[in-house]
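K.L.:
So that we are looking at the same thing, I have put the structure below in structure tokens.
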Amino acid sequence: MRETQRVDKILSNSGFGTRREIKQLVKSGQVKVDGEVIDDSGMHVDPKKSQIEISGQKLNYRQYIYIMMNKPAGVISATFDDRHETVIDILSEEYKCFDLFPVGRLDIDTEGLLLITNDGQLAHEILSPKKYVPKRYFAFIEGEVTQEDVKRFEEGVILEDGYKTLPAELYILDRDVNSSVDVVIYEGKFHQVKRMFEAVGKKVKFLKRVTMGNLVLDKDLAPGEFRELTQDELSNLINEVRSQKENNLN
């Protein structure tokens, strides 16, 4: 079965204007499908198989967009907020017609890797607790992190609300009065990394996500910068998530 969509929806999602504006363009004979002028903006076509032109410009249709962002501190992981700047706000205009959303959330003061897309199925698979997709963070901790903390993370930490986290991996990079660590978690509870350290009597001073599955934050991206995923990055991420799904079904 072909995946057909309304012409006005396709063009609107591709940044050619509102549906009302596109309806006017169709009425004025400026929209063609497979070389033929159309007069119905609600006409259904398969954008993967039909060639659409608007005002002589051929549509390069893309159903899904995948963006890697190095989220800066002070920006929230949301599509809209009336008080704070969001990760969608800092995208360039060319992307704002695609109904993008962040896959999961990073706290307002947390930096690092954030995937932004309009692919709801992939987002669901990445975030599903059944998939155990690993997320690695670099953290600067107030207090000396010990091997006892490493053991407690391995066993799962009981948070202040009584929830016991899944086993996590804690790697001590440097320690003294304060410590530098890497943490790998397999779920995404609210403020989870911070709450895990609070549960062992320590405080997170800086937190940055560096990987999600096999997707690694591009070191060339400064905070606030972003780029689309490469085809290899996208393919590897999809393959990992779907392979994990198969493993959980066996």
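Chain labels A, B, ... are given in the sequence in which chains occur in the structure tokens; within each chain residues are numbered consecutively from 1, and ligands are likewise numbered from 1 in the order shown.
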Give me the residues near Ala123 of chain A as a PyMOL selection string, where near means some atom within 6 Å (using only C-alpha atoms) and where sequence neighbours in that chain fewer than 3 positions away do not count.
P.N.:
chain A and resi 103+120+126
K.L.:
List the neighbours of Asp176 of chain A out to 8 Å using only C-alpha atoms; skip same-chain residues closer than 3 positions along the sequence, and give me the result as a list in words.
P.N.:
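Answer for this query is Gly143, Glu144 and Ser179 of chain A.
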K.L.:
Save out the residues we just selected, N, CA and C atoms, as a PDB file, in the first residue's frame.
P.N.:
ATOM      1  N   GLY A 143      32.894  15.973  45.936  1.00  0.00           N
ATOM      2  CA  GLY A 143      33.133  14.853  46.845  1.00  0.00           C
ATOM      3  C   GLY A 143      33.947  13.774  46.165  1.00  0.00           C
ATOM      4  N   GLU A 144      34.575  12.934  46.958  1.00  0.00           N
ATOM      5  CA  GLU A 144      35.421  11.871  46.414  1.00  0.00           C
ATOM      6  C   GLU A 144      34.583  10.634  46.116  1.00  0.00           C
ATOM      7  N   SER A 179      35.649  14.861  42.092  1.00  0.00           N
ATOM      8  CA  SER A 179      35.916  13.723  41.222  1.00  0.00           C
ATOM      9  C   SER A 179      35.371  13.947  39.821  1.00  0.00           C
TER      10      SER A 179
END
K.L.:
Which one of A:Gly112, A:Gly42, A:Gly201, A:Pro102 sits closest to His124 of chain A if you count only C-alpha atoms?
P.N.:
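Of A:Gly112, A:Gly42, A:Gly201, A:Pro102, the one nearest His124 of chain A is A:Pro102, counting only C-alpha atoms.
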K.L.:
Kindly give the distance, in Å, that separates atom CA of Val193 of chain A and atom CA of Leu159 of chain A, rounded to a single decimal.
P.N.:
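Between atom CA of Val193 of chain A and atom CA of Leu159 of chain A the gap is 10.4 Å.
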K.L.:
Would you please give, as number ranges by chain, all residues of segment 58-192 of chain A that DSSP assigns to strand (DSSP E or B) based on the backbone?
P.N.:
A: 58, 66-71, 76, 86, 101-102, 111-117, 135-142, 158, 164, 169-175, 178-185
K.L.:
Do a neighbour search on Glu125 of chain A at 8 Å with only C-alpha atoms, toss out local chain neighbours closer than 5 positions, and write the hits as a ChimeraX atom specification.
P.N.:
/A:131,241-242
K.L.:
Since we have the selection now, will you write its residues out, keeping N, CA, C and O atoms, as a tab-separated table (two decimals), in the first residue's frame?
P.N.:
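Result file is result-v4.tsv:
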chain	number	residue	atom	x	y	z
A	131	LYS	N	14.33	-1.62	25.93
A	131	LYS	CA	15.44	-1.71	24.98
A	131	LYS	C	16.80	-1.59	25.65
A	131	LYS	O	17.81	-1.99	25.10
A	241	VAL	N	19.22	-0.32	17.81
A	241	VAL	CA	17.94	-0.33	18.51
A	241	VAL	C	17.11	-1.54	18.10
A	241	VAL	O	16.52	-2.23	18.94
A	242	ARG	N	17.09	-1.84	16.82
A	242	ARG	CA	16.27	-2.96	16.35
A	242	ARG	C	16.90	-4.30	16.71
A	242	ARG	O	16.18	-5.27	16.98
K.L.:
So that I can check the surroundings of Gln231 of chain A, please list as a list of chain:residue names every protein, DNA and RNA residue that reaches within 12 Å of it, counting only C-alpha atoms and ignoring chain neighbours fewer than 3 positions away.
P.N.:
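Non-adjacent residues within range: A:Ile65, A:Tyr66, A:Ile67, A:Leu215, A:Glu228, A:Leu234, A:Ser235, A:Asn236, A:Leu237, A:Ile238, A:Asn239.
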K.L.:
Among segment 9-248 of chain A, which residues carry a DSSP assignment of helix (DSSP H, G or I), reported as a ChimeraX atom specification?
P.N.:
/A:9-13,19-27,93-95,120-127,147-155,192-199,231-248
K.L.:
Residues of segment 118-173 of chain A that have any atom at most 12 Å from an atom of segment 216-224 of chain A: could you tabulate them with the shortest-distance atom pair and the distance in Å to one decimal, using only C-alpha atoms, ordered by chain and increasing number, as CSV?
P.N.:
residue,atom,partner,partner_atom,distance
A:Pro134,CA,A:Val216,CA,11.5
A:Lys135,CA,A:Val216,CA,9.9
A:Arg136,CA,A:Val216,CA,9.3
A:Tyr137,CA,A:Leu217,CA,10.8
A:Phe138,CA,A:Leu217,CA,11.8
K.L.:
Would you mind exporting the chosen residues as a compact mmCIF listing (two decimals), in the first residue's frame, restricted to C-alpha atoms?
P.N.:
# COMPACT_ATOMS: atom_id res chain seq x y z
CA PRO A 134 22.86 2.90 27.14
CA LYS A 135 23.44 6.62 27.77
CA ARG A 136 26.92 7.71 28.83
CA TYR A 137 27.55 10.92 30.77
CA PHE A 138 30.64 12.77 31.90
K.L.:
Counting only C-alpha atoms, which of A:Val7, A:Leu91, A:Val204, A:Ile172 gets nearest to Leu59 of chain A?
P.N.:
A:Val7
K.L.:
Name all residues at most 7 Å from Leu113 of chain A (count only C-alpha atoms; drop same-chain ones fewer than 6 positions away) and give them as number ranges by chain.
P.N.:
A: 68-71, 209-211, 217
K.L.:
Can you write out the residues you just picked, keeping all heavy atoms, as a JSON list (two decimals), in the first residue's frame?
P.N.:
[["chain", "number", "residue", "atom", "x", "y", "z"],
["A", 68, "MET", "N", 21.69, 15.95, 15.33],
["A", 68, "MET", "CA", 22.49, 15.84, 16.54],
["A", 68, "MET", "C", 22.78, 17.25, 17.04],
["A", 68, "MET", "O", 23.27, 18.09, 16.29],
["A", 68, "MET", "CB", 23.82, 15.13, 16.26],
["A", 68, "MET", "CG", 24.79, 15.14, 17.45],
["A", 68, "MET", "SD", 26.47, 14.60, 17.00],
["A", 68, "MET", "CE", 26.17, 12.92, 16.48],
["A", 69, "MET", "N", 22.44, 17.50, 18.30],
["A", 69, "MET", "CA", 22.73, 18.81, 18.89],
["A", 69, "MET", "C", 23.62, 18.64, 20.11],
["A", 69, "MET", "O", 23.46, 17.68, 20.88],
["A", 69, "MET", "CB", 21.44, 19.52, 19.30],
["A", 69, "MET", "CG", 21.66, 20.85, 20.03],
["A", 69, "MET", "SD", 20.12, 21.68, 20.53],
["A", 69, "MET", "CE", 19.54, 22.26, 18.92],
["A", 70, "ASN", "N", 24.54, 19.56, 20.30],
["A", 70, "ASN", "CA", 25.26, 19.67, 21.55],
["A", 70, "ASN", "C", 24.48, 20.68, 22.38],
["A", 70, "ASN", "O", 24.68, 21.89, 22.26],
["A", 70, "ASN", "CB", 26.70, 20.13, 21.33],
["A", 70, "ASN", "CG", 27.51, 20.13, 22.61],
["A", 70, "ASN", "OD1", 26.99, 19.90, 23.71],
["A", 70, "ASN", "ND2", 28.80, 20.42, 22.49],
["A", 71, "LYS", "N", 23.57, 20.17, 23.19],
["A", 71, "LYS", "CA", 22.68, 21.06, 23.95],
["A", 71, "LYS", "C", 23.48, 21.92, 24.93],
["A", 71, "LYS", "O", 24.28, 21.40, 25.70],
["A", 71, "LYS", "CB", 21.65, 20.25, 24.72],
["A", 71, "LYS", "CG", 20.71, 21.10, 25.58],
["A", 71, "LYS", "CD", 19.96, 20.24, 26.58],
["A", 71, "LYS", "CE", 19.29, 21.06, 27.65],
["A", 71, "LYS", "NZ", 20.22, 21.86, 28.47],
["A", 209, "ARG", "N", 25.98, 14.69, 28.58],
["A", 209, "ARG", "CA", 25.78, 13.41, 27.91],
["A", 209, "ARG", "C", 26.66, 13.34, 26.67],
["A", 209, "ARG", "O", 26.69, 14.28, 25.86],
["A", 209, "ARG", "CB", 24.32, 13.21, 27.52],
["A", 209, "ARG", "CG", 24.07, 11.82, 26.92],
["A", 209, "ARG", "CD", 22.61, 11.43, 26.96],
["A", 209, "ARG", "NE", 21.79, 12.27, 26.12],
["A", 209, "ARG", "CZ", 20.45, 12.29, 26.16],
["A", 209, "ARG", "NH1", 19.81, 11.53, 27.03],
["A", 209, "ARG", "NH2", 19.77, 13.07, 25.35],
["A", 210, "VAL", "N", 27.38, 12.23, 26.52],
["A", 210, "VAL", "CA", 28.32, 12.11, 25.41],
["A", 210, "VAL", "C", 27.95, 11.01, 24.42],
["A", 210, "VAL", "O", 28.39, 11.05, 23.26],
["A", 210, "VAL", "CB", 29.76, 11.89, 25.93],
["A", 210, "VAL", "CG1", 30.26, 13.14, 26.63],
["A", 210, "VAL", "CG2", 29.85, 10.70, 26.87],
["A", 211, "THR", "N", 27.15, 10.03, 24.84],
["A", 211, "THR", "CA", 26.70, 9.01, 23.90],
["A", 211, "THR", "C", 25.27, 8.61, 24.22],
["A", 211, "THR", "O", 24.80, 8.74, 25.35],
["A", 211, "THR", "CB", 27.57, 7.73, 23.93],
["A", 211, "THR", "OG1", 27.36, 7.03, 25.16],
["A", 211, "THR", "CG2", 29.04, 8.04, 23.75],
["A", 217, "LEU", "N", 28.52, 12.02, 20.54],
["A", 217, "LEU", "CA", 28.52, 13.47, 20.33],
["A", 217, "LEU", "C", 29.74, 13.89, 19.52],
["A", 217, "LEU", "O", 30.87, 13.55, 19.86],
["A", 217, "LEU", "CB", 28.51, 14.20, 21.67],
["A", 217, "LEU", "CG", 28.55, 15.73, 21.61],
["A", 217, "LEU", "CD1", 27.32, 16.29, 20.94],
["A", 217, "LEU", "CD2", 28.70, 16.31, 23.03]]
K.L.:
Can you list, as a compact mmCIF listing (two decimals) with all heavy atoms, in the first residue's frame, every protein, DNA or RNA residue that comes within 10 Å of Ser14 of chain A when you count only C-alpha atoms, leaving out same-chain residues fewer than 5 positions away?
P.N.:
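around_5.txt was written with the following content:
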# COMPACT_ATOMS: atom_id res chain seq x y z
N ASP A 8 -1.23 19.59 0.21
CA ASP A 8 -0.99 20.78 1.05
C ASP A 8 -0.21 20.44 2.31
O ASP A 8 0.62 21.22 2.78
CB ASP A 8 -2.31 21.49 1.40
CG ASP A 8 -3.35 20.59 2.02
OD1 ASP A 8 -3.06 19.39 2.26
OD2 ASP A 8 -4.46 21.08 2.29
N LYS A 9 -0.41 19.24 2.86
CA LYS A 9 0.33 18.81 4.05
C LYS A 9 1.80 18.58 3.69
O LYS A 9 2.71 18.98 4.43
CB LYS A 9 -0.27 17.54 4.64
CG LYS A 9 0.42 17.07 5.92
CD LYS A 9 -0.30 15.86 6.50
CE LYS A 9 0.26 15.49 7.87
NZ LYS A 9 1.69 15.11 7.81
N LEU A 59 10.21 19.56 -5.60
CA LEU A 59 10.27 19.24 -4.18
C LEU A 59 11.23 18.08 -3.94
O LEU A 59 11.08 17.00 -4.52
CB LEU A 59 8.88 18.86 -3.66
CG LEU A 59 8.82 18.33 -2.22
CD1 LEU A 59 9.20 19.43 -1.24
CD2 LEU A 59 7.44 17.78 -1.91
N ASN A 60 12.23 18.30 -3.08
CA ASN A 60 13.11 17.23 -2.63
C ASN A 60 12.54 16.73 -1.30
O ASN A 60 12.88 17.23 -0.23
CB ASN A 60 14.54 17.74 -2.46
CG ASN A 60 15.49 16.66 -1.99
OD1 ASN A 60 15.21 15.47 -2.15
ND2 ASN A 60 16.61 17.06 -1.42
N TYR A 61 11.63 15.77 -1.39
CA TYR A 61 10.86 15.36 -0.21
C TYR A 61 11.71 14.55 0.77
O TYR A 61 12.42 13.63 0.39
CB TYR A 61 9.66 14.53 -0.64
CG TYR A 61 8.83 14.03 0.53
CD1 TYR A 61 8.01 14.91 1.23
CD2 TYR A 61 8.89 12.70 0.93
CE1 TYR A 61 7.25 14.48 2.30
CE2 TYR A 61 8.12 12.26 2.00
CZ TYR A 61 7.32 13.15 2.68
OH TYR A 61 6.57 12.72 3.74
N ARG A 62 11.63 14.92 2.03
CA ARG A 62 12.26 14.16 3.11
C ARG A 62 11.22 13.95 4.19
O ARG A 62 10.71 14.91 4.77
CB ARG A 62 13.46 14.91 3.68
CG ARG A 62 14.61 15.06 2.70
CD ARG A 62 15.89 15.45 3.42
NE ARG A 62 15.80 16.78 4.01
CZ ARG A 62 16.68 17.25 4.87
NH1 ARG A 62 17.69 16.51 5.28
NH2 ARG A 62 16.55 18.48 5.35
N GLN A 63 10.90 12.71 4.46
CA GLN A 63 9.88 12.41 5.45
C GLN A 63 10.40 12.66 6.86
O GLN A 63 9.69 13.21 7.71
CB GLN A 63 9.41 10.97 5.32
CG GLN A 63 8.27 10.61 6.28
CD GLN A 63 7.75 9.21 6.05
OE1 GLN A 63 8.35 8.41 5.32
NE2 GLN A 63 6.64 8.88 6.68
N GLU A 94 15.19 26.57 8.46
CA GLU A 94 14.92 25.51 7.49
C GLU A 94 14.36 24.24 8.12
O GLU A 94 13.74 23.42 7.45
CB GLU A 94 16.20 25.16 6.72
CG GLU A 94 17.28 24.56 7.58
CD GLU A 94 18.56 24.27 6.82
OE1 GLU A 94 18.52 23.43 5.90
OE2 GLU A 94 19.58 24.90 7.14
N TYR A 95 14.57 24.07 9.45
CA TYR A 95 14.11 22.87 10.12
C TYR A 95 12.80 23.06 10.87
O TYR A 95 12.21 22.08 11.33
CB TYR A 95 15.18 22.38 11.11
CG TYR A 95 16.45 21.91 10.44
CD1 TYR A 95 17.66 22.58 10.64
CD2 TYR A 95 16.45 20.79 9.62
CE1 TYR A 95 18.82 22.15 10.04
CE2 TYR A 95 17.60 20.35 9.01
CZ TYR A 95 18.80 21.04 9.22
OH TYR A 95 19.94 20.60 8.61
N LYS A 96 12.33 24.27 11.00
CA LYS A 96 11.21 24.52 11.90
C LYS A 96 9.85 24.16 11.33
O LYS A 96 8.83 24.27 12.00
CB LYS A 96 11.24 25.98 12.37
CG LYS A 96 12.46 26.26 13.24
CD LYS A 96 12.47 27.65 13.82
CE LYS A 96 13.69 27.86 14.71
NZ LYS A 96 13.74 29.21 15.30
N CYS A 97 9.83 23.70 10.09
CA CYS A 97 8.56 23.27 9.48
C CYS A 97 8.34 21.77 9.62
O CYS A 97 7.31 21.27 9.16
CB CYS A 97 8.54 23.67 8.01
SG CYS A 97 9.86 22.90 7.03
N PHE A 98 9.27 21.06 10.24
CA PHE A 98 9.20 19.60 10.24
C PHE A 98 8.60 18.99 11.50
O PHE A 98 8.65 17.78 11.69
CB PHE A 98 10.61 19.02 10.03
CG PHE A 98 11.11 19.15 8.62
CD1 PHE A 98 12.02 20.13 8.29
CD2 PHE A 98 10.66 18.29 7.63
CE1 PHE A 98 12.50 20.25 6.99
CE2 PHE A 98 11.12 18.40 6.33
CZ PHE A 98 12.04 19.39 6.01
K.L.:
For Leu25 of chain A, find every residue with an atom within 9 Å (counting only C-alpha atoms), except residues of its own chain fewer than 4 positions away, and show them as JSON, numbers by chain.
P.N.:
{"A": [20, 21, 29, 30, 31, 41, 54, 55]}
